[in-house]
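> My structure file run.txt, compact mmCIF, C-alpha atoms, is below:
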```
# COMPACT_ATOMS: atom_id res chain seq x y z
CA MET Q 108 -43.38 -103.37 1.08
CA SER Q 109 -45.21 -105.76 -1.24
CA SER Q 110 -48.82 -105.50 -2.33
CA GLN Q 111 -49.64 -108.42 -0.03
CA ASP Q 112 -48.26 -106.87 3.16
CA VAL Q 113 -50.86 -106.24 5.86
CA PHE Q 114 -50.81 -102.94 7.68
CA PRO Q 115 -53.74 -102.53 10.11
CA LEU Q 116 -55.17 -99.30 11.54
CA SER Q 117 -52.81 -97.75 14.10
CA ALA Q 118 -53.81 -96.93 17.68
CA GLU Q 119 -53.48 -93.23 16.83
CA LYS Q 120 -55.95 -93.50 13.95
CA ARG Q 121 -58.32 -95.58 16.05
CA ALA Q 122 -58.36 -92.82 18.67
CA GLN Q 123 -59.50 -90.40 15.95
CA GLY Q 124 -62.49 -92.61 15.22
CA TYR Q 125 -61.22 -94.50 12.19
CA GLY Q 126 -62.42 -98.10 12.08
CA ARG Q 127 -65.44 -97.52 14.31
CA PHE Q 128 -68.98 -98.12 13.06
CA PRO Q 129 -70.68 -96.34 11.45
CA TYR Q 130 -68.34 -94.96 8.80
CA LEU Q 131 -68.51 -93.88 5.19
CA ILE Q 132 -66.28 -95.21 2.44
CA LEU Q 133 -65.62 -93.23 -0.71
CA ARG Q 134 -64.25 -95.33 -3.56
CA ILE Q 135 -61.40 -93.44 -5.20
CA ASN Q 136 -60.69 -96.23 -7.68
CA SER Q 137 -60.37 -99.99 -7.70
CA GLY Q 138 -58.59 -100.95 -4.48
CA VAL Q 139 -58.29 -97.42 -3.05
CA TYR Q 140 -60.85 -96.36 -0.45
CA MET Q 141 -61.18 -93.19 1.60
CA GLN Q 142 -62.72 -93.55 5.05
CA PHE Q 143 -64.79 -90.90 6.85
CA PRO Q 144 -65.64 -91.73 10.47
CA ILE Q 145 -69.09 -90.54 11.57
CA HIS Q 146 -69.20 -88.82 14.96
CA PHE Q 147 -72.47 -88.15 16.76
CA TYR Q 148 -72.49 -85.22 19.17
CA THR Q 149 -75.02 -83.22 21.18
CA THR Q 150 -73.55 -79.81 22.06
CA GLU Q 151 -69.81 -79.53 21.48
CA ILE Q 152 -68.58 -80.23 17.94
CA PRO Q 153 -65.84 -82.88 18.25
CA ASP Q 154 -62.44 -81.89 16.92
CA LEU Q 155 -62.03 -85.14 15.03
CA PRO Q 156 -61.65 -85.97 11.34
CA GLY Q 157 -64.72 -87.17 9.45
CA LEU Q 158 -68.40 -86.31 9.43
CA ARG Q 159 -70.01 -84.79 12.51
CA VAL Q 160 -73.71 -85.29 13.11
CA CYS Q 161 -75.63 -83.27 15.71
CA VAL Q 162 -78.18 -85.45 17.56
CA ALA Q 163 -80.45 -85.09 20.59
CA ASP Q 164 -78.85 -87.91 22.59
CA THR Q 165 -75.64 -89.91 22.29
CA GLU Q 166 -76.38 -92.40 25.05
CA HIS Q 167 -78.18 -94.86 22.79
CA GLU Q 168 -76.05 -94.48 19.67
CA LYS Q 169 -77.93 -97.03 17.55
CA ASN Q 170 -81.01 -94.76 17.76
CA ASN Q 171 -79.08 -92.13 15.85
CA PHE Q 172 -78.39 -94.42 12.90
CA SER Q 173 -81.76 -93.47 11.38
CA SER Q 174 -80.25 -90.16 10.28
CA LEU Q 175 -77.49 -91.81 8.25
CA PHE Q 176 -79.17 -91.98 4.82
CA GLY Q 177 -79.62 -88.21 5.11
CA VAL Q 178 -75.96 -87.79 6.07
CA VAL Q 179 -74.87 -89.76 3.00
CA GLN Q 180 -77.19 -87.79 0.70
CA ARG Q 181 -75.83 -84.46 1.93
CA PHE Q 182 -72.23 -85.64 1.62
CA ASN Q 183 -72.91 -86.96 -1.88
CA ALA Q 184 -74.33 -83.57 -2.89
CA GLN Q 185 -71.08 -81.97 -1.73
CA ILE Q 186 -68.69 -84.24 -3.58
CA ASN Q 187 -70.62 -85.28 -6.68
CA PRO Q 188 -72.03 -82.71 -9.12
CA VAL Q 189 -75.78 -82.79 -9.88
CA ASP Q 190 -76.86 -85.86 -11.90
CA LYS Q 191 -73.31 -87.11 -12.23
CA THR Q 192 -71.70 -89.71 -10.00
CA ILE Q 193 -67.93 -89.58 -9.90
CA PHE Q 194 -67.30 -91.13 -6.51
CA LYS Q 195 -69.27 -94.11 -5.26
CA LEU Q 196 -70.13 -94.14 -1.57
CA CYS Q 197 -70.71 -96.93 0.91
CA LEU Q 198 -72.28 -96.51 4.35
CA VAL Q 199 -70.92 -99.26 6.60
CA LEU Q 200 -72.97 -100.09 9.71
CA THR Q 201 -71.65 -103.43 10.97
CA PRO Q 202 -69.12 -106.06 9.78
CA ARG Q 203 -72.02 -107.69 7.88
CA LEU Q 204 -74.15 -104.74 6.81
CA ALA Q 205 -73.50 -101.91 4.39
CA TYR Q 206 -75.48 -99.75 1.98
CA PHE Q 207 -73.85 -98.78 -1.32
CA PHE Q 208 -75.11 -95.44 -2.60
CA GLU Q 209 -75.39 -94.38 -6.21
CA ASP Q 210 -77.97 -92.37 -8.17
CA ARG Q 211 -80.51 -91.90 -5.34
CA CYS Q 212 -80.38 -95.60 -4.53
CA PHE Q 213 -79.05 -97.34 -1.42
CA THR Q 214 -78.31 -101.01 -2.05
CA LEU Q 215 -78.09 -103.30 0.97
CA SER Q 216 -75.10 -105.64 1.06
CA GLU Q 217 -73.80 -108.23 3.50
CA ASP Q 218 -70.33 -107.73 2.02
CA ILE Q 219 -68.57 -104.58 3.13
CA PRO Q 220 -65.50 -102.98 1.52
CA PHE Q 221 -62.34 -104.74 2.68
CA GLY Q 222 -58.62 -104.60 2.02
CA GLY Q 223 -56.87 -102.53 -0.61
CA SER Q 224 -55.44 -99.16 0.35
CA LEU Q 225 -57.45 -97.35 2.98
CA ILE Q 226 -56.70 -93.64 3.11
CA ASN Q 227 -57.99 -90.59 4.96
CA SER Q 228 -59.28 -87.37 3.39
CA GLU Q 229 -55.71 -86.03 3.25
CA TYR Q 230 -54.70 -89.03 1.13
CA LYS Q 231 -52.57 -90.45 3.96
CA VAL Q 232 -52.56 -94.25 4.27
CA LEU Q 233 -54.61 -95.60 7.20
CA ALA Q 234 -54.32 -99.32 6.47
CA LEU Q 235 -53.29 -101.74 3.75
CA ASN Q 236 -54.84 -105.10 2.82
CA SER Q 237 -56.72 -105.36 6.10
CA ALA Q 238 -60.19 -104.84 7.52
CA HIS Q 239 -61.41 -101.23 7.48
CA PHE Q 240 -62.80 -101.62 11.00
CA LEU Q 241 -61.46 -102.49 14.44
CA THR Q 242 -61.25 -106.22 14.87
CA ASP Q 243 -60.27 -106.39 18.55
CA MET C 279 -86.93 -117.83 -4.02
CA LYS C 280 -85.03 -114.55 -4.01
CA LYS C 281 -86.62 -111.34 -5.26
CA GLN C 282 -85.37 -107.83 -5.61
CA VAL C 283 -87.11 -105.66 -3.05
CA ILE C 284 -87.31 -101.91 -3.53
CA VAL C 285 -88.44 -99.73 -0.65
CA TRP C 286 -89.41 -96.23 -1.76
CA LEU C 287 -88.75 -93.47 0.75
CA LYS C 288 -90.70 -90.21 0.95
CA ASN C 289 -87.74 -88.07 -0.09
CA GLY C 290 -87.49 -89.88 -3.45
CA MET C 291 -84.61 -92.13 -2.38
CA ILE C 292 -84.86 -95.91 -2.58
CA ALA C 293 -83.43 -98.78 -0.56
CA LYS C 294 -82.82 -101.84 -2.72
CA MET C 295 -82.01 -105.37 -1.62
CA ASN C 296 -82.23 -108.99 -2.68
CA ALA C 297 -84.41 -110.88 -0.22
CA GLU C 298 -85.61 -114.43 0.23
CA THR C 299 -89.38 -114.54 -0.34
CA ILE C 300 -91.77 -116.69 1.67
CA PRO C 301 -95.43 -116.97 0.63
CA ALA C 302 -97.89 -117.06 3.53
CA MET C 303 -100.48 -119.61 2.39
CA SER C 304 -102.20 -119.83 5.80
CA HIS C 305 -102.84 -117.60 8.83
CA GLN C 306 -99.64 -118.74 10.53
CA VAL C 307 -96.10 -118.36 9.23
CA HIS C 308 -93.14 -120.08 10.74
CA ILE C 309 -89.90 -118.97 9.15
CA PRO C 310 -87.86 -122.05 8.22
CA SER C 311 -84.36 -122.25 9.70
CA THR C 312 -82.96 -122.41 6.16
CA ALA C 313 -84.27 -118.93 5.41
CA VAL C 314 -83.26 -116.92 8.47
CA ASP C 315 -80.88 -114.66 6.58
CA LEU C 316 -82.09 -111.09 6.45
CA PRO C 317 -83.61 -109.32 4.63
CA LEU C 318 -86.64 -111.54 4.22
CA VAL C 319 -90.02 -110.77 2.69
CA ILE C 320 -93.32 -112.52 3.44
CA VAL C 321 -96.02 -112.19 0.80
CA VAL C 322 -99.47 -112.97 2.18
CA LYS C 323 -101.41 -115.16 -0.23
CA HIS C 324 -104.30 -116.33 1.97
CA GLN C 325 -107.58 -114.40 2.09
CA GLY C 326 -107.71 -114.03 5.89
CA LEU C 327 -107.53 -110.63 7.58
CA SER C 328 -104.44 -111.25 9.66
CA THR C 329 -101.31 -113.38 9.79
CA LEU C 330 -99.46 -114.68 12.83
CA ILE C 331 -95.72 -114.59 12.24
CA ASP C 332 -93.46 -116.65 14.45
CA LEU C 333 -90.14 -114.81 14.79
CA THR C 334 -88.70 -117.17 17.39
CA GLY C 335 -85.00 -117.74 16.76
CA MET C 336 -84.63 -114.86 14.31
CA ASN C 337 -81.87 -112.29 14.49
CA ASP C 338 -82.82 -108.80 15.64
CA CYS C 339 -84.70 -107.00 12.90
CA VAL C 340 -87.33 -104.43 12.09
CA VAL C 341 -90.56 -105.73 10.57
CA LEU C 342 -91.89 -103.29 7.98
CA GLN C 343 -95.53 -103.86 7.02
CA PHE C 344 -97.29 -102.85 3.81
CA GLY C 345 -100.93 -103.08 2.72
CA ALA C 346 -102.42 -104.61 -0.43
CA ASP C 347 -101.75 -101.31 -2.21
CA ARG C 348 -98.06 -101.77 -1.27
CA TYR C 349 -98.04 -98.63 0.89
CA PHE C 350 -96.41 -98.62 4.35
CA THR C 351 -98.81 -99.29 7.21
CA GLY C 352 -96.59 -99.83 10.25
CA ALA C 353 -93.58 -101.49 11.82
CA THR C 354 -92.48 -103.67 14.71
CA TYR C 355 -89.03 -103.85 16.25
CA PHE C 356 -87.83 -107.34 17.15
CA GLN C 357 -84.86 -106.86 19.47
CA HIS C 358 -83.30 -108.88 22.29
CA CYS C 359 -86.18 -111.39 22.14
CA ASN C 360 -84.04 -114.51 21.88
CA THR C 361 -84.90 -115.91 25.32
CA GLY C 362 -88.24 -117.40 24.30
CA ALA C 363 -91.00 -117.64 21.76
CA PHE C 364 -92.02 -114.42 20.02
CA MET C 365 -94.86 -113.87 17.56
CA ILE C 366 -96.52 -110.89 15.99
CA GLN C 367 -99.91 -110.62 14.35
CA SER C 368 -100.19 -108.43 11.31
CA GLN C 369 -102.86 -107.29 8.86
CA ALA C 370 -100.21 -106.46 6.24
CA ARG C 371 -100.04 -108.19 2.85
CA PHE C 372 -96.31 -107.57 2.36
CA ILE C 373 -94.02 -107.95 5.38
CA LEU C 374 -90.33 -107.09 5.11
CA LEU C 375 -87.85 -108.12 7.79
CA MET C 376 -84.79 -105.88 7.60
CA PRO C 377 -81.54 -106.16 9.56
CA LEU C 378 -80.81 -103.60 12.26
CA PRO C 379 -79.67 -100.89 12.55
CA LEU C 380 -82.03 -99.14 10.15
CA PRO C 381 -80.31 -96.11 8.58
CA PHE C 382 -83.46 -94.14 7.76
CA PRO C 383 -86.40 -92.94 9.87
CA LEU C 384 -89.33 -95.38 9.86
CA GLU C 385 -91.72 -92.55 9.00
CA GLU C 386 -89.83 -91.99 5.74
CA THR C 387 -90.94 -95.41 4.46
CA GLU C 388 -93.52 -95.13 1.71
CA GLU C 389 -93.99 -98.10 -0.60
CA ILE C 390 -92.63 -101.55 -1.42
CA GLN C 391 -92.06 -103.07 -4.85
CA LEU C 392 -91.01 -106.66 -5.64
CA LYS C 393 -89.23 -107.55 -8.87
CA ALA C 394 -87.31 -110.46 -10.28
CA THR C 395 -83.67 -110.39 -9.20
CA GLU C 396 -81.20 -108.76 -11.56
CA ALA C 397 -78.82 -111.16 -13.26
```
Before we go any further, please render this structure as structure tokens.

Amino acid sequence: MSSQDVFPLSAEKRAQGYGRFPYLILRINSGVYMQFPIHFYTTEIPDLPGLRVCVADTEHEKNNFSSLFGVVQRFNAQINPVDKTIFKLCLVLTPRLAYFFEDRCFTLSEDIPFGGSLINSEYKVLALNSAHFLTD
Amino acid sequence: MKKQVIVWLKNGMIAKMNAETIPAMSHQVHIPSTAVDLPLVIVVKHQGLSTLIDLTGMNDCVVLQFGADRYFTGATYFQHCNTGAFMIQSQARFILLMPLPLPFPLEETEEIQLKATEA
């Protein structure tokens, strides 16, 4: 396989929530990104990989997006020691809207992370050189 | 002209963005079709008490409003309004149009700051 080969998200990974908005990207290094799907739930905690967010209602999912800065902050506190950023994070909301997070600052961007090696939290490859979200 | 816009949130976090800036020199603002990309900030320059903002043709957004002291005063959602003309009247001096969805609670918004864009 060459570095230019395209390997999109598989149907199995899609079923686990990978590639669905919103999701969080953790930059491991240049060209290697780890994706964490974000699952909203009301009562039963979903047995799916990623971040699980308890909300009052899942019917109007966009209404729950207002909790996402808080989700990113809490996740950052878990993975990055106090006052020291090792891993940069990116909250991706739509194909044209993301917020990069570093040092208490969310920076809005129309360009979202794309391509490279997309891996899950177990360092297994999800996709190569393709979009990090579902395109169909 | 683009400016760097910093929105301070109550928990000490900030949301930063580069936004096209439109000065409101009169009581009515029509956003030119060349500047419909979001985010967009309107800085009220006239001395009147309110400004009528024509959002017709804009993409869905949330309109964050700030007073002369730059503190948050209120917000308007502009969603699914693309079937006709749509205007809002505001007493704010700084008006920020942000793309949806908004990833923080509106009530967390505190203050706005405008700076020259970083090189």
> Do a neighbour search on range 168-180 of chain Q at 9 Å with all atoms listed in the file, toss out local chain neighbours closer than 6 positions, and write the hits as a PyMOL selection string.
(chain Q and resi 129+131+147+158+160+162+196-198+200+208+211+213) or (chain C and resi 378-384)
> Which residues, written as a PyMOL selection string, have at least one atom at most 9 Å from Met141 in chain Q, with all atoms listed in the file counted and residues fewer than 5 positions away on the same chain left out?
chain Q and resi 131-135+224-228+230+233
> Using all atoms listed in the file, which of the listed residues (Q:Asp154, Q:Glu217, Q:Glu166, Q:Glu119) sits closest to chain C?
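For chain C, the nearest of the candidates is Q:Glu217.
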> Would you mind reading off the distance between CA of Thr242 in chain Q and CA of Val340 in chain C, one decimal, in Å?
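Atom-to-atom, CA of Thr242 in chain Q to CA of Val340 in chain C, that is 26.3 Å.
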> Could you state the separation of CA of Ala238 in chain Q and CA of Ser117 in chain Q in Å, given to one decimal place?
12.2 Å
> Could you please determine the separation between CA of Thr165 in chain Q and CA of His146 in chain Q in Å, to one decimal place?
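According to the coordinates, CA of Thr165 in chain Q and CA of His146 in chain Q are separated by 9.8 Å.
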> Please list as a list in words every residue within 8 Å of Pro144 in chain Q, counting all atoms listed in the file and excluding residues in the same chain fewer than 5 positions away.
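What passes the distance filter is Gly124, Tyr125, Gly126, Arg127, Phe128, Pro129, Tyr130, Leu131, Pro156, Gly157 and Leu158 of chain Q.
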> Pick out the closest residue to chain Q from this set: C:Gln343, C:Thr299, C:Thr387, C:Gln306. Count all atoms listed in the file.
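Closest to chain Q of all the choices is C:Thr387.
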> Residues near range 321-334 of chain C, anyone? I mean within 12 Å using only C-alpha atoms, not counting same-chain ones fewer than 3 positions away, as a ChimeraX atom specification.
/C:279,281,283,297-311,313-314,318,337-341,343-346,348,354-375,390-392
> I'd like the contact shell of Ile292 in chain C - 9 Å cut-off, all atoms listed in the file, skipping same-chain residues fewer than 6 positions apart - returned as a list in words.
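Listed by chain and then number, they are Arg211, Cys212, Phe213 and Thr214 of chain Q; Ile284, Val285 and Trp286 of chain C.
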> Name the closest residue to chain C among the candidates Q:Arg203, Q:Arg159, Q:Lys191, Q:Lys120; distances are taken between atoms, counting all atoms listed in the file.
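Nearest candidate to chain C out of Q:Arg203, Q:Arg159, Q:Lys191, Q:Lys120: Q:Arg203.
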> For each of C:Leu316, C:Ala293, C:Ala394, C:Met336, take the minimum atom-to-atom distance to Asp210 in chain Q, counting all atoms listed in the file, then give the residue where this is smallest.
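Using all atoms listed in the file, Asp210 in chain Q sits closest to C:Ala293.
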> For each of C:Lys280, C:Glu396, C:Glu388, C:Gly290, take the minimum atom-to-atom distance to Gly352 in chain C, counting all atoms listed in the file, then give the residue where this is smallest.
C:Glu388
> Name the closest residue to Met295 in chain C among the candidates Q:Leu215, Q:Ala122, Q:Leu204, Q:Val199; distances are taken between atoms, counting only C-alpha atoms.
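Closest candidate: Q:Leu215.
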